[in-house]
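Have a look at the structure below, then the notes.
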Amino acid sequence: MPSSTVTTALRTPAHRIAATAVATVLAAGPAVLATAGPAAATGDHGGKAGAVVLRTGLDVSLLNKTVNVPLKVALNEVQAPASAEKTALSVQLDGVDGNRPFSVLRADVAKARATVDAKKAEGFTQLVHAKVHIPGLPLLSLIEVDQVTSKALCEAGKKPVAESNLLGSVTVLGKKVTLSTGGTTEVKVPGVGEVSLGLSTTSTTSTTAAASALQLKVSVNPLKLNVAEVNGEVTLAGATCESPKPAAPPASPKPADDTEVKPQGTKADLAETGGNSMTPYIAGGAIVLLVAGGGAVAMARRGRTRA
């Protein structure tokens, strides 16, 4: 075979190899770039909610008044996301009623619920046919209510809402009372003590809300079950919330622009010589073509030698 024939036969596959390599580089470059974007980051939405059916903060003094026993309990206290339903709560205090447990609350319904998602946070409580007792008054309820509810709702980007509702009658230390919506109601029972009731206490800020159906300030002298005095506060049907952070608006896509900011360092030469976003792929293709060309020349020389 003449040497010119061998050279042509070898050169043609070499050109094909080089062309294929360049096409592969140019086609693969944008595809790789498209799949190499940053991973989406998800964070805490920031919302909070809580609910409690009953909370007590009472100091119980024994007969000699030298010992104070705190009665600090909570019934169905939850933080989002959670819910609870328990209709009876018993506690035991040292030195009271022979150290036997006594019932603080009994109810037909006692619910507490707290929920949070990216759009809203909500706390909710409900009490139905509830009776609250304190040490020293085993047969006389501190308070009895037919039904109370509280709700605190915080929605992202909206003003928080807090509300409480009291339905039916209220009885304090055995006396049926009419509560005032504009302040507190005082109930005094000779030989027993006095209770100050606050109805439907609510508060809101730009991002938070809190509600409680009833707040009682208690000062009782029962002189029973070895108890001399009971002082403190009792809260019924409490709910709180804090708004989630508003969702960030989607980023607007940047318009296509051939004019690029001149990069710092050695890469600035690309911009000065008219380089653009395709420059790396063209450069890569040139390198492949150069290598493939060198390989073709080498093969052609070997063919001449053999001929």
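Labels used: A, B, ... for chains in the order of the structure tokens, numbers from 1 for residues in each chain, and numbers from 1 for ligands as shown.
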Inset, instruction - Tell me which protein, DNA and RNA residues are within 10 Å of stretch 152-166 of chain A, counting only C-alpha atoms, leaving out same-chain ones fewer than 6 positions away, and put them as a ChimeraX atom specification. - result: /A:45,47-51,114-127,145-146,179,199-214,237-247
Using N, CA and C atoms, can you export the residues from the last selection as a tab-separated table (two decimals), in the first residue's frame?
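Result written to out_14.tsv:
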chain	number	residue	atom	x	y	z
A	45	HIS	N	-39.22	27.41	61.23
A	45	HIS	CA	-40.17	28.48	60.90
A	45	HIS	C	-40.38	29.43	62.06
A	47	GLY	N	-42.31	29.50	64.75
A	47	GLY	CA	-43.57	29.61	65.48
A	47	GLY	C	-43.56	28.83	66.78
A	48	LYS	N	-44.33	29.31	67.77
A	48	LYS	CA	-44.45	28.63	69.06
A	48	LYS	C	-45.90	28.69	69.52
A	49	ALA	N	-46.29	27.69	70.30
A	49	ALA	CA	-47.63	27.67	70.88
A	49	ALA	C	-47.62	26.83	72.15
A	50	GLY	N	-48.49	27.21	73.08
A	50	GLY	CA	-48.60	26.46	74.33
A	50	GLY	C	-50.01	26.55	74.88
A	51	ALA	N	-50.35	25.59	75.73
A	51	ALA	CA	-51.70	25.57	76.32
A	51	ALA	C	-51.63	24.84	77.66
A	114	ALA	N	-51.83	22.35	71.25
A	114	ALA	CA	-50.92	23.34	70.69
A	114	ALA	C	-50.42	22.83	69.34
A	115	THR	N	-50.55	23.65	68.31
A	115	THR	CA	-50.13	23.26	66.96
A	115	THR	C	-49.32	24.39	66.33
A	116	VAL	N	-48.35	24.00	65.52
A	116	VAL	CA	-47.50	24.96	64.81
A	116	VAL	C	-47.16	24.41	63.44
A	117	ASP	N	-47.26	25.25	62.41
A	117	ASP	CA	-46.73	24.91	61.10
A	117	ASP	C	-46.12	26.17	60.50
A	118	ALA	N	-45.80	26.13	59.21
A	118	ALA	CA	-45.12	27.26	58.60
A	118	ALA	C	-46.01	28.50	58.47
A	119	LYS	N	-47.34	28.32	58.56
A	119	LYS	CA	-48.26	29.44	58.36
A	119	LYS	C	-48.84	30.00	59.65
A	120	LYS	N	-48.99	29.16	60.69
A	120	LYS	CA	-49.64	29.66	61.90
A	120	LYS	C	-49.21	28.85	63.12
A	121	ALA	N	-49.45	29.46	64.30
A	121	ALA	CA	-49.26	28.80	65.59
A	121	ALA	C	-50.52	29.04	66.41
A	122	GLU	N	-51.00	27.98	67.09
A	122	GLU	CA	-52.26	28.12	67.82
A	122	GLU	C	-52.23	27.30	69.11
A	123	GLY	N	-52.65	27.94	70.20
A	123	GLY	CA	-52.87	27.26	71.47
A	123	GLY	C	-54.35	27.29	71.81
A	124	PHE	N	-54.86	26.17	72.33
A	124	PHE	CA	-56.30	26.07	72.62
A	124	PHE	C	-56.53	25.23	73.86
A	125	THR	N	-57.45	25.68	74.74
A	125	THR	CA	-57.82	24.90	75.92
A	125	THR	C	-59.34	24.94	76.11
A	126	GLN	N	-59.84	23.89	76.77
A	126	GLN	CA	-61.28	23.80	77.04
A	126	GLN	C	-61.51	23.03	78.35
A	127	LEU	N	-62.40	23.58	79.17
A	127	LEU	CA	-62.83	22.93	80.40
A	127	LEU	C	-64.34	22.88	80.44
A	145	VAL	N	-66.96	25.82	87.41
A	145	VAL	CA	-67.35	26.48	86.16
A	145	VAL	C	-68.05	25.47	85.25
A	146	ASP	N	-69.01	25.98	84.46
A	146	ASP	CA	-69.70	25.12	83.50
A	146	ASP	C	-68.84	24.85	82.28
A	179	LEU	N	-69.62	37.61	87.17
A	179	LEU	CA	-68.30	38.19	86.95
A	179	LEU	C	-68.40	39.49	86.16
A	199	LEU	N	-61.59	38.07	84.90
A	199	LEU	CA	-62.26	37.35	83.82
A	199	LEU	C	-61.59	37.65	82.48
A	200	SER	N	-61.34	36.59	81.72
A	200	SER	CA	-60.91	36.70	80.32
A	200	SER	C	-59.77	37.70	80.14
A	201	THR	N	-58.62	37.36	80.67
A	201	THR	CA	-57.44	38.19	80.50
A	201	THR	C	-56.75	37.85	79.18
A	202	THR	N	-56.57	38.85	78.31
A	202	THR	CA	-55.92	38.63	77.02
A	202	THR	C	-54.88	39.72	76.78
A	203	SER	N	-53.89	39.38	75.98
A	203	SER	CA	-52.87	40.35	75.58
A	203	SER	C	-52.30	39.94	74.24
A	204	THR	N	-51.94	40.94	73.42
A	204	THR	CA	-51.34	40.68	72.11
A	204	THR	C	-50.24	41.70	71.83
A	205	THR	N	-49.28	41.27	71.03
A	205	THR	CA	-48.26	42.16	70.48
A	205	THR	C	-48.27	41.96	68.97
A	206	SER	N	-47.27	42.48	68.29
A	206	SER	CA	-47.22	42.31	66.83
A	206	SER	C	-46.97	40.87	66.42
A	207	THR	N	-46.41	40.06	67.33
A	207	THR	CA	-46.08	38.67	66.97
A	207	THR	C	-46.55	37.64	67.99
A	208	THR	N	-47.12	38.05	69.14
A	208	THR	CA	-47.51	37.10	70.18
A	208	THR	C	-48.93	37.36	70.65
A	209	ALA	N	-49.50	36.33	71.28
A	209	ALA	CA	-50.84	36.44	71.88
A	209	ALA	C	-50.91	35.52	73.08
A	210	ALA	N	-51.69	35.93	74.08
A	210	ALA	CA	-51.88	35.13	75.28
A	210	ALA	C	-53.29	35.35	75.81
A	211	ALA	N	-53.91	34.27	76.30
A	211	ALA	CA	-55.27	34.36	76.83
A	211	ALA	C	-55.43	33.41	77.99
A	212	SER	N	-56.22	33.83	78.97
A	212	SER	CA	-56.60	32.95	80.07
A	212	SER	C	-58.04	33.26	80.44
A	213	ALA	N	-58.83	32.21	80.64
A	213	ALA	CA	-60.26	32.41	80.89
A	213	ALA	C	-60.51	32.97	82.27
A	214	LEU	N	-59.79	32.48	83.27
A	214	LEU	CA	-60.00	32.95	84.64
A	214	LEU	C	-58.67	32.97	85.38
A	237	ALA	N	-57.54	27.62	81.99
A	237	ALA	CA	-57.63	27.72	80.53
A	237	ALA	C	-56.71	28.79	79.98
A	238	GLY	N	-55.42	28.48	79.93
A	238	GLY	CA	-54.44	29.41	79.37
A	238	GLY	C	-53.97	28.96	78.00
A	239	ALA	N	-53.69	29.93	77.10
A	239	ALA	CA	-53.19	29.62	75.75
A	239	ALA	C	-52.25	30.73	75.31
A	240	THR	N	-51.17	30.35	74.62
A	240	THR	CA	-50.20	31.32	74.11
A	240	THR	C	-49.75	30.93	72.71
A	241	CYS	N	-49.21	31.92	71.98
A	241	CYS	CA	-48.66	31.62	70.66
A	241	CYS	C	-47.66	32.70	70.26
A	242	GLU	N	-46.81	32.35	69.31
A	242	GLU	CA	-45.86	33.28	68.69
A	242	GLU	C	-45.85	33.02	67.20
A	243	SER	N	-45.95	34.07	66.40
A	243	SER	CA	-46.11	33.92	64.95
A	243	SER	C	-44.89	33.28	64.30
A	244	PRO	N	-45.12	32.41	63.30
A	244	PRO	CA	-44.00	31.92	62.50
A	244	PRO	C	-43.40	33.06	61.68
A	245	LYS	N	-42.18	32.87	61.26
A	245	LYS	CA	-41.54	33.88	60.42
A	245	LYS	C	-42.20	33.87	59.03
A	246	PRO	N	-42.51	35.05	58.48
A	246	PRO	CA	-43.11	35.08	57.14
A	246	PRO	C	-42.19	34.42	56.13
A	247	ALA	N	-42.78	33.73	55.16
A	247	ALA	CA	-41.99	33.06	54.13
A	247	ALA	C	-41.28	34.09	53.27
Inset, instruction - Could you find all residues in stretch 154-264 of chain A that DSSP calls strand (DSSP E) from the backbone, and write them as a ChimeraX atom specification? - result: /A:154-155,161-172,175-177,184-189,193-204,208-220,227-242
Inset, instruction - Compare A:Lys188, A:Lys176, A:His129, A:Arg55 by their minimum atom-to-atom distance to A:Asn76, counting only C-alpha atoms, and give me the closest one. - result: A:Arg55
Inset, instruction - Select, from A:Val187, A:Leu167, A:Val104, A:Val218, the residue with the minimum atom-to-atom distance to A:Ser141, counting only C-alpha atoms. - result: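 The shortest atom-to-atom distance to A:Ser141 comes from A:Val104.
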Inset, instruction - One decimal, Å: what's the distance from atom CA of A:Ser150 over to atom CA of A:Gly136, could you say? - result: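 Atom-to-atom, atom CA of A:Ser150 to atom CA of A:Gly136, that is 29.3 Å.
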Inset, instruction - Counting only C-alpha atoms, figure out which residue out of A:Asp97, A:Glu194, A:Glu144, A:Glu186 gets nearest to A:Gly174. - result: A:Glu144
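Between atom CA of A:Val220 and atom CA of A:Gly193 lies a distance of 4.0 Å.
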Inset, instruction - Would you mind telling me which residue in A:Pro135, A:Asn64, A:Leu71, A:Ala112 lies nearest to A:Val52 when using only C-alpha atoms? - result: A:Ala112
